[in-house]
$ cat final_16.pdb   # PDB, C-alpha atoms
ATOM      1  CA  MET J1290      34.900 110.054  33.643
ATOM      2  CA  PRO J1291      36.913 111.675  36.484
ATOM      3  CA  ALA J1292      40.414 110.499  37.239
ATOM      4  CA  ASN J1293      40.876 108.061  40.104
ATOM      5  CA  PRO J1294      41.566 110.286  43.167
ATOM      6  CA  LYS J1295      43.615 107.521  44.808
ATOM      7  CA  LYS J1296      46.010 107.280  41.857
ATOM      8  CA  ARG J1297      49.415 108.654  42.815
ATOM      9  CA  VAL J1298      50.616 111.159  40.261
ATOM     10  CA  ARG J1299      53.876 113.029  40.389
ATOM     11  CA  SER J1300      53.560 116.708  41.264
ATOM     12  CA  THR J1301      56.267 119.204  41.956
ATOM     13  CA  ALA J1302      56.196 122.723  43.273
ATOM     14  CA  SER J1303      58.701 125.457  43.912
ATOM     15  CA  ARG J1304      58.967 127.071  47.322
ATOM     16  CA  ALA J1305      57.903 130.389  45.784
ATOM     17  CA  GLY J1306      54.863 128.846  44.101
ATOM     18  CA  ALA J1307      53.867 126.987  47.259
ATOM     19  CA  SER J1308      54.360 130.115  49.355
ATOM     20  CA  ALA J1309      52.125 132.161  47.060
ATOM     21  CA  ALA J1310      49.457 129.440  47.035
ATOM     22  CA  ALA J1311      49.527 129.046  50.832
ATOM     23  CA  SER J1312      49.360 132.791  51.363
ATOM     24  CA  ARG J1313      46.401 133.142  49.021
ATOM     25  CA  PHE J1314      44.642 130.197  50.686
ATOM     26  CA  ALA J1315      45.198 131.584  54.193
ATOM     27  CA  SER J1316      43.730 134.932  53.168
ATOM     28  CA  LEU J1317      40.439 133.408  51.950
ATOM     29  CA  SER J1318      38.762 133.247  55.338
ATOM     30  CA  ALA J1319      38.904 134.954  58.710
ATOM     31  CA  GLU J1320      38.385 131.489  60.247
ATOM     32  CA  MET J1321      41.719 130.241  58.892
ATOM     33  CA  ARG J1322      44.393 129.796  61.585
ATOM     34  CA  GLY J1323      47.177 128.630  59.310
ATOM     35  CA  CYS J1324      48.369 126.129  56.732
ATOM     36  CA  ALA J1325      51.367 124.392  55.210
ATOM     37  CA  ILE J1326      52.285 122.734  51.910
ATOM     38  CA  PHE J1327      54.905 120.001  51.691
ATOM     39  CA  ASP J1328      56.196 117.280  49.419
ATOM     40  CA  PRO J1329      57.604 113.881  50.448
ATOM     41  CA  GLU J1330      61.021 115.338  51.231
ATOM     42  CA  LYS J1331      60.501 118.830  52.594
ATOM     43  CA  LEU J1332      58.294 121.643  53.748
ATOM     44  CA  LEU J1333      57.602 124.067  50.890
ATOM     45  CA  ALA J1334      55.586 126.780  52.657
ATOM     46  CA  ALA J1335      53.944 127.369  56.030
ATOM     47  CA  SER J1336      52.474 129.985  58.262
ATOM     48  CA  GLY J1337      54.215 130.140  61.634
ATOM     49  CA  ASP J1338      56.483 127.316  62.806
ATOM     50  CA  GLY J1339      57.300 125.374  59.655
ATOM     51  CA  GLU J1340      58.777 122.301  61.305
ATOM     52  CA  GLY J1341      55.773 122.018  63.605
ATOM     53  CA  TRP J1342      53.465 122.065  60.582
ATOM     54  CA  LEU J1343      55.497 119.436  58.752
ATOM     55  CA  ASP J1344      55.558 117.005  61.682
ATOM     56  CA  ALA J1345      51.876 117.512  62.523
ATOM     57  CA  GLY J1346      50.782 117.266  58.889
ATOM     58  CA  ARG J1347      52.698 114.064  58.306
ATOM     59  CA  ALA J1348      51.329 112.607  61.550
ATOM     60  CA  LEU J1349      47.744 113.430  60.538
ATOM     61  CA  LEU J1350      48.170 111.831  57.121
ATOM     62  CA  GLU J1351      49.887 108.763  58.613
ATOM     63  CA  ALA J1352      46.989 108.313  61.052
ATOM     64  CA  ALA J1353      44.503 108.597  58.180
ATOM     65  CA  ASP J1354      46.544 106.110  56.130
ATOM     66  CA  GLY J1355      46.490 103.650  59.029
ATOM     67  CA  ALA J1356      42.701 103.692  59.110
ATOM     68  CA  ALA J1357      42.318 102.345  55.571
ATOM     69  CA  SER J1358      43.902  99.881  53.195
ATOM     70  CA  GLU J1359      45.087 102.635  50.820
ATOM     71  CA  PRO J1360      46.748 106.015  51.382
ATOM     72  CA  ALA J1361      44.212 108.660  52.376
ATOM     73  CA  THR J1362      43.540 111.435  49.886
ATOM     74  CA  HIS J1363      42.096 113.684  52.584
ATOM     75  CA  ALA J1364      41.351 113.836  56.301
ATOM     76  CA  HIS J1365      39.242 116.086  58.523
ATOM     77  CA  VAL J1366      39.319 116.167  62.317
ATOM     78  CA  ALA J1367      37.083 118.420  64.409
ATOM     79  CA  THR J1368      37.536 119.163  68.107
ATOM     80  CA  GLU J1369      35.989 121.655  70.488
ATOM     81  CA  ASP J1370      38.910 123.992  69.796
ATOM     82  CA  GLY J1371      39.080 123.904  66.006
ATOM     83  CA  GLU J1372      39.296 121.768  62.896
ATOM     84  CA  ALA J1373      42.262 120.228  61.090
ATOM     85  CA  PHE J1374      42.308 119.312  57.405
ATOM     86  CA  ALA J1375      44.832 117.371  55.331
ATOM     87  CA  LEU J1376      44.779 116.829  51.584
ATOM     88  CA  ARG J1377      47.053 115.066  49.104
ATOM     89  CA  LEU J1378      47.296 115.898  45.428
ATOM     90  CA  GLY J1379      49.942 113.793  43.740
ATOM     91  CA  ASP J1380      53.131 114.080  45.763
ATOM     92  CA  LEU J1381      52.057 117.368  47.331
ATOM     93  CA  ALA J1382      50.195 117.588  50.613
ATOM     94  CA  MET J1383      48.557 120.441  52.451
ATOM     95  CA  VAL J1384      47.381 120.780  56.035
ATOM     96  CA  ALA J1385      45.243 123.562  57.439
ATOM     97  CA  VAL J1386      43.735 124.472  60.791
ATOM     98  CA  THR J1387      40.576 126.533  61.126
ATOM     99  CA  GLU J1388      38.178 127.768  63.743
ATOM    100  CA  ARG J1389      35.188 125.516  64.513
ATOM    101  CA  PHE J1390      32.166 125.098  62.274
ATOM    102  CA  VAL J1391      33.693 125.947  58.908
ATOM    103  CA  LEU J1392      32.196 124.421  55.790
ATOM    104  CA  ALA J1393      34.490 121.427  55.246
ATOM    105  CA  SER J1394      33.626 120.971  51.578
ATOM    106  CA  LEU J1395      34.622 124.573  50.877
ATOM    107  CA  VAL J1396      37.893 124.229  52.787
ATOM    108  CA  PHE J1397      38.775 121.103  50.788
ATOM    109  CA  ALA J1398      37.856 122.791  47.499
ATOM    110  CA  ASP J1399      40.087 125.752  48.380
ATOM    111  CA  MET J1400      42.905 123.410  49.436
ATOM    112  CA  ARG J1401      42.691 121.548  46.107
ATOM    113  CA  ALA J1402      42.852 124.863  44.257
ATOM    114  CA  ALA J1403      45.886 125.916  46.315
ATOM    115  CA  LEU J1404      47.727 122.653  45.624
ATOM    116  CA  ARG J1405      46.942 122.895  41.913
ATOM    117  CA  GLU J1406      48.233 126.458  41.949
ATOM    118  CA  ALA J1407      51.419 125.383  43.737
ATOM    119  CA  ALA J1408      51.972 122.586  41.195
ATOM    120  CA  ARG J1409      51.314 124.967  38.294
ATOM    121  CA  GLU J1410      53.972 127.309  39.661
ATOM    122  CA  ALA J1411      56.608 124.579  39.530
ATOM    123  CA  PRO J1412      59.883 125.583  37.903
ATOM    124  CA  ALA J1413      60.345 124.418  34.326
ATOM    125  CA  PRO J1414      62.942 121.662  33.872
ATOM    126  CA  ALA J1415      66.345 122.986  32.835
ATOM    127  CA  ALA J1416      66.986 122.615  29.119
ATOM    128  CA  SER J1417      69.937 120.416  28.280
ATOM    129  CA  ALA J1418      72.785 121.994  26.374
ATOM    130  CA  ALA J1419      72.962 120.865  22.765
TER     131      ALA J1419
END
$ encode --input "final_16.pdb" --output "structure tokens"
Amino acid sequence: MPANPKKRVRSTASRAGASAAASRFASLSAEMRGCAIFDPEKLLAASGDGEGWLDAGRALLEAADGAASEPATHAHVATEDGEAFALRLGDLAMVAVTERFVLASLVFADMRAALREAAREAPAPAASAA
């Protein structure tokens, strides 16, 4: 049985791991305009203006959260000018903007893979001195 997608699990990622994951994700499609990965405290990686991505990504997720009784695991907004996606995986979140008419299910699958990659690249906890 699959895990409950709404369950909040703790994930961590290093800036280097998030940067590599975001870069790989952005290179998957010519329709990709940009993306960012962040945790509850800070931006970990972004294309372009990092602070703009962080504020916009948080705003998109907050709007999605306000539309339901539980925190949103993902959101998708399409306009005439492009499409915006947001996805949470544990404590990590990712936002992406694409051209119009992309295959949303594929974008979300690639975003999940990128967040898993970023979490996998997390630094190992420091060993305590004996």
$ residues_around --input "final_16.pdb" --residues "region 1324-1340 of chain J" --least-positions-apart "6" --cutoff "12 Å" --atoms "all atoms listed in the file" --output "ChimeraX atom specification"
/J:1299-1317,1346-1347,1350,1372-1387,1396,1399-1401,1403-1408,1411
$ atom_distance --input "final_16.pdb" --atom1 "CA of Ala1319 (chain J)" --atom2 "CA of Phe1390 (chain J)"
12.5 Å
$ atom_distance --input "final_16.pdb" --atom1 "CA of Asp1370 (chain J)" --atom2 "CA of Arg1389 (chain J)"
6.6 Å
$ atom_distance --input "final_16.pdb" --atom1 "CA of Leu1392 (chain J)" --atom2 "CA of Gly1341 (chain J)"
25.0 Å
$ closest_residue --input "final_16.pdb" --among "J:Phe1397, J:Gly1323, J:Leu1343, J:Ala1402" --to "Ala1364 (chain J)" --atoms "all atoms listed in the file"
J:Phe1397
$ closest_residue --input "final_16.pdb" --among "J:Ala1398, J:Val1391, J:His1365, J:Ser1318" --to "Ala1353 (chain J)" --atoms "all atoms listed in the file"
J:His1365
$ decode --input "final_16.pdb" --residues "region 1355-1393 of chain J" --atoms "N, CA and C atoms" --output "PDB file, in the first residue's frame"
ATOM      1  N   GLY J1355      -4.781  27.245   1.461  1.00  0.00           N
ATOM      2  CA  GLY J1355      -6.004  27.934   1.867  1.00  0.00           C
ATOM      3  C   GLY J1355      -7.253  27.393   1.198  1.00  0.00           C
ATOM      4  N   ALA J1356      -7.090  26.649   0.131  1.00  0.00           N
ATOM      5  CA  ALA J1356      -8.234  26.111  -0.599  1.00  0.00           C
ATOM      6  C   ALA J1356      -8.689  24.764  -0.063  1.00  0.00           C
ATOM      7  N   ALA J1357      -7.985  24.208   0.900  1.00  0.00           N
ATOM      8  CA  ALA J1357      -8.332  22.889   1.425  1.00  0.00           C
ATOM      9  C   ALA J1357      -8.145  22.864   2.938  1.00  0.00           C
ATOM     10  N   SER J1358      -8.582  21.792   3.541  1.00  0.00           N
ATOM     11  CA  SER J1358      -8.469  21.683   4.996  1.00  0.00           C
ATOM     12  C   SER J1358      -7.107  21.158   5.448  1.00  0.00           C
ATOM     13  N   GLU J1359      -6.307  20.664   4.508  1.00  0.00           N
ATOM     14  CA  GLU J1359      -4.970  20.148   4.818  1.00  0.00           C
ATOM     15  C   GLU J1359      -3.955  20.829   3.906  1.00  0.00           C
ATOM     16  N   PRO J1360      -2.679  20.811   4.280  1.00  0.00           N
ATOM     17  CA  PRO J1360      -1.661  21.381   3.392  1.00  0.00           C
ATOM     18  C   PRO J1360      -1.658  20.684   2.031  1.00  0.00           C
ATOM     19  N   ALA J1361      -1.530  21.454   0.990  1.00  0.00           N
ATOM     20  CA  ALA J1361      -1.511  20.909  -0.372  1.00  0.00           C
ATOM     21  C   ALA J1361      -0.193  20.183  -0.624  1.00  0.00           C
ATOM     22  N   THR J1362      -0.268  19.051  -1.310  1.00  0.00           N
ATOM     23  CA  THR J1362       0.946  18.347  -1.698  1.00  0.00           C
ATOM     24  C   THR J1362       1.434  18.842  -3.050  1.00  0.00           C
ATOM     25  N   HIS J1363       0.512  19.369  -3.860  1.00  0.00           N
ATOM     26  CA  HIS J1363       0.904  19.907  -5.161  1.00  0.00           C
ATOM     27  C   HIS J1363      -0.141  20.906  -5.655  1.00  0.00           C
ATOM     28  N   ALA J1364       0.283  21.760  -6.566  1.00  0.00           N
ATOM     29  CA  ALA J1364      -0.607  22.750  -7.167  1.00  0.00           C
ATOM     30  C   ALA J1364      -0.170  22.987  -8.603  1.00  0.00           C
ATOM     31  N   HIS J1365      -1.147  23.302  -9.452  1.00  0.00           N
ATOM     32  CA  HIS J1365      -0.889  23.566 -10.869  1.00  0.00           C
ATOM     33  C   HIS J1365      -1.813  24.699 -11.297  1.00  0.00           C
ATOM     34  N   VAL J1366      -1.229  25.745 -11.858  1.00  0.00           N
ATOM     35  CA  VAL J1366      -1.992  26.888 -12.336  1.00  0.00           C
ATOM     36  C   VAL J1366      -1.586  27.158 -13.775  1.00  0.00           C
ATOM     37  N   ALA J1367      -2.572  27.249 -14.657  1.00  0.00           N
ATOM     38  CA  ALA J1367      -2.305  27.528 -16.071  1.00  0.00           C
ATOM     39  C   ALA J1367      -2.923  28.871 -16.445  1.00  0.00           C
ATOM     40  N   THR J1368      -2.171  29.667 -17.181  1.00  0.00           N
ATOM     41  CA  THR J1368      -2.664  30.938 -17.706  1.00  0.00           C
ATOM     42  C   THR J1368      -2.389  30.964 -19.209  1.00  0.00           C
ATOM     43  N   GLU J1369      -2.777  32.021 -19.849  1.00  0.00           N
ATOM     44  CA  GLU J1369      -2.486  32.165 -21.274  1.00  0.00           C
ATOM     45  C   GLU J1369      -0.992  32.274 -21.541  1.00  0.00           C
ATOM     46  N   ASP J1370      -0.240  32.722 -20.538  1.00  0.00           N
ATOM     47  CA  ASP J1370       1.192  32.965 -20.719  1.00  0.00           C
ATOM     48  C   ASP J1370       2.090  31.811 -20.321  1.00  0.00           C
ATOM     49  N   GLY J1371       1.597  30.870 -19.542  1.00  0.00           N
ATOM     50  CA  GLY J1371       2.434  29.770 -19.091  1.00  0.00           C
ATOM     51  C   GLY J1371       1.767  29.012 -17.970  1.00  0.00           C
ATOM     52  N   GLU J1372       2.501  28.070 -17.400  1.00  0.00           N
ATOM     53  CA  GLU J1372       1.967  27.238 -16.325  1.00  0.00           C
ATOM     54  C   GLU J1372       2.932  27.235 -15.149  1.00  0.00           C
ATOM     55  N   ALA J1373       2.354  27.237 -13.943  1.00  0.00           N
ATOM     56  CA  ALA J1373       3.148  27.193 -12.715  1.00  0.00           C
ATOM     57  C   ALA J1373       2.802  25.925 -11.955  1.00  0.00           C
ATOM     58  N   PHE J1374       3.819  25.288 -11.400  1.00  0.00           N
ATOM     59  CA  PHE J1374       3.670  24.047 -10.653  1.00  0.00           C
ATOM     60  C   PHE J1374       4.342  24.209  -9.301  1.00  0.00           C
ATOM     61  N   ALA J1375       3.761  23.608  -8.276  1.00  0.00           N
ATOM     62  CA  ALA J1375       4.379  23.560  -6.952  1.00  0.00           C
ATOM     63  C   ALA J1375       4.180  22.157  -6.404  1.00  0.00           C
ATOM     64  N   LEU J1376       5.192  21.661  -5.712  1.00  0.00           N
ATOM     65  CA  LEU J1376       5.138  20.301  -5.179  1.00  0.00           C
ATOM     66  C   LEU J1376       5.879  20.262  -3.855  1.00  0.00           C
ATOM     67  N   ARG J1377       5.305  19.567  -2.882  1.00  0.00           N
ATOM     68  CA  ARG J1377       5.961  19.334  -1.599  1.00  0.00           C
ATOM     69  C   ARG J1377       6.311  17.863  -1.483  1.00  0.00           C
ATOM     70  N   LEU J1378       7.469  17.611  -0.914  1.00  0.00           N
ATOM     71  CA  LEU J1378       7.893  16.250  -0.586  1.00  0.00           C
ATOM     72  C   LEU J1378       8.587  16.357   0.765  1.00  0.00           C
ATOM     73  N   GLY J1379       7.898  15.953   1.811  1.00  0.00           N
ATOM     74  CA  GLY J1379       8.429  16.162   3.154  1.00  0.00           C
ATOM     75  C   GLY J1379       8.526  17.646   3.433  1.00  0.00           C
ATOM     76  N   ASP J1380       9.668  18.082   3.922  1.00  0.00           N
ATOM     77  CA  ASP J1380       9.879  19.499   4.206  1.00  0.00           C
ATOM     78  C   ASP J1380      10.439  20.257   3.016  1.00  0.00           C
ATOM     79  N   LEU J1381      10.691  19.571   1.919  1.00  0.00           N
ATOM     80  CA  LEU J1381      11.186  20.239   0.718  1.00  0.00           C
ATOM     81  C   LEU J1381      10.027  20.636  -0.180  1.00  0.00           C
ATOM     82  N   ALA J1382      10.208  21.711  -0.899  1.00  0.00           N
ATOM     83  CA  ALA J1382       9.205  22.147  -1.875  1.00  0.00           C
ATOM     84  C   ALA J1382       9.932  22.570  -3.143  1.00  0.00           C
ATOM     85  N   MET J1383       9.224  22.444  -4.239  1.00  0.00           N
ATOM     86  CA  MET J1383       9.772  22.849  -5.534  1.00  0.00           C
ATOM     87  C   MET J1383       8.688  23.589  -6.291  1.00  0.00           C
ATOM     88  N   VAL J1384       9.081  24.639  -6.983  1.00  0.00           N
ATOM     89  CA  VAL J1384       8.188  25.357  -7.888  1.00  0.00           C
ATOM     90  C   VAL J1384       8.855  25.395  -9.256  1.00  0.00           C
ATOM     91  N   ALA J1385       8.031  25.379 -10.283  1.00  0.00           N
ATOM     92  CA  ALA J1385       8.544  25.436 -11.650  1.00  0.00           C
ATOM     93  C   ALA J1385       7.561  26.201 -12.518  1.00  0.00           C
ATOM     94  N   VAL J1386       8.085  26.852 -13.532  1.00  0.00           N
ATOM     95  CA  VAL J1386       7.262  27.564 -14.507  1.00  0.00           C
ATOM     96  C   VAL J1386       7.645  27.041 -15.885  1.00  0.00           C
ATOM     97  N   THR J1387       6.611  26.770 -16.687  1.00  0.00           N
ATOM     98  CA  THR J1387       6.822  26.225 -18.023  1.00  0.00           C
ATOM     99  C   THR J1387       6.056  27.046 -19.055  1.00  0.00           C
ATOM    100  N   GLU J1388       6.318  26.742 -20.303  1.00  0.00           N
ATOM    101  CA  GLU J1388       5.490  27.263 -21.381  1.00  0.00           C
ATOM    102  C   GLU J1388       4.109  26.625 -21.258  1.00  0.00           C
ATOM    103  N   ARG J1389       3.163  27.056 -22.081  1.00  0.00           N
ATOM    104  CA  ARG J1389       1.810  26.494 -22.067  1.00  0.00           C
ATOM    105  C   ARG J1389       1.780  25.094 -22.666  1.00  0.00           C
ATOM    106  N   PHE J1390       0.784  24.355 -22.270  1.00  0.00           N
ATOM    107  CA  PHE J1390       0.432  23.057 -22.843  1.00  0.00           C
ATOM    108  C   PHE J1390       1.479  21.965 -22.639  1.00  0.00           C
ATOM    109  N   VAL J1391       2.151  21.992 -21.489  1.00  0.00           N
ATOM    110  CA  VAL J1391       3.035  20.882 -21.145  1.00  0.00           C
ATOM    111  C   VAL J1391       2.180  19.767 -20.532  1.00  0.00           C
ATOM    112  N   LEU J1392       2.720  18.596 -20.476  1.00  0.00           N
ATOM    113  CA  LEU J1392       2.013  17.472 -19.871  1.00  0.00           C
ATOM    114  C   LEU J1392       2.224  17.540 -18.353  1.00  0.00           C
ATOM    115  N   ALA J1393       1.197  17.971 -17.642  1.00  0.00           N
ATOM    116  CA  ALA J1393       1.316  18.221 -16.201  1.00  0.00           C
ATOM    117  C   ALA J1393       1.769  16.993 -15.430  1.00  0.00           C
TER     118      ALA J1393
END
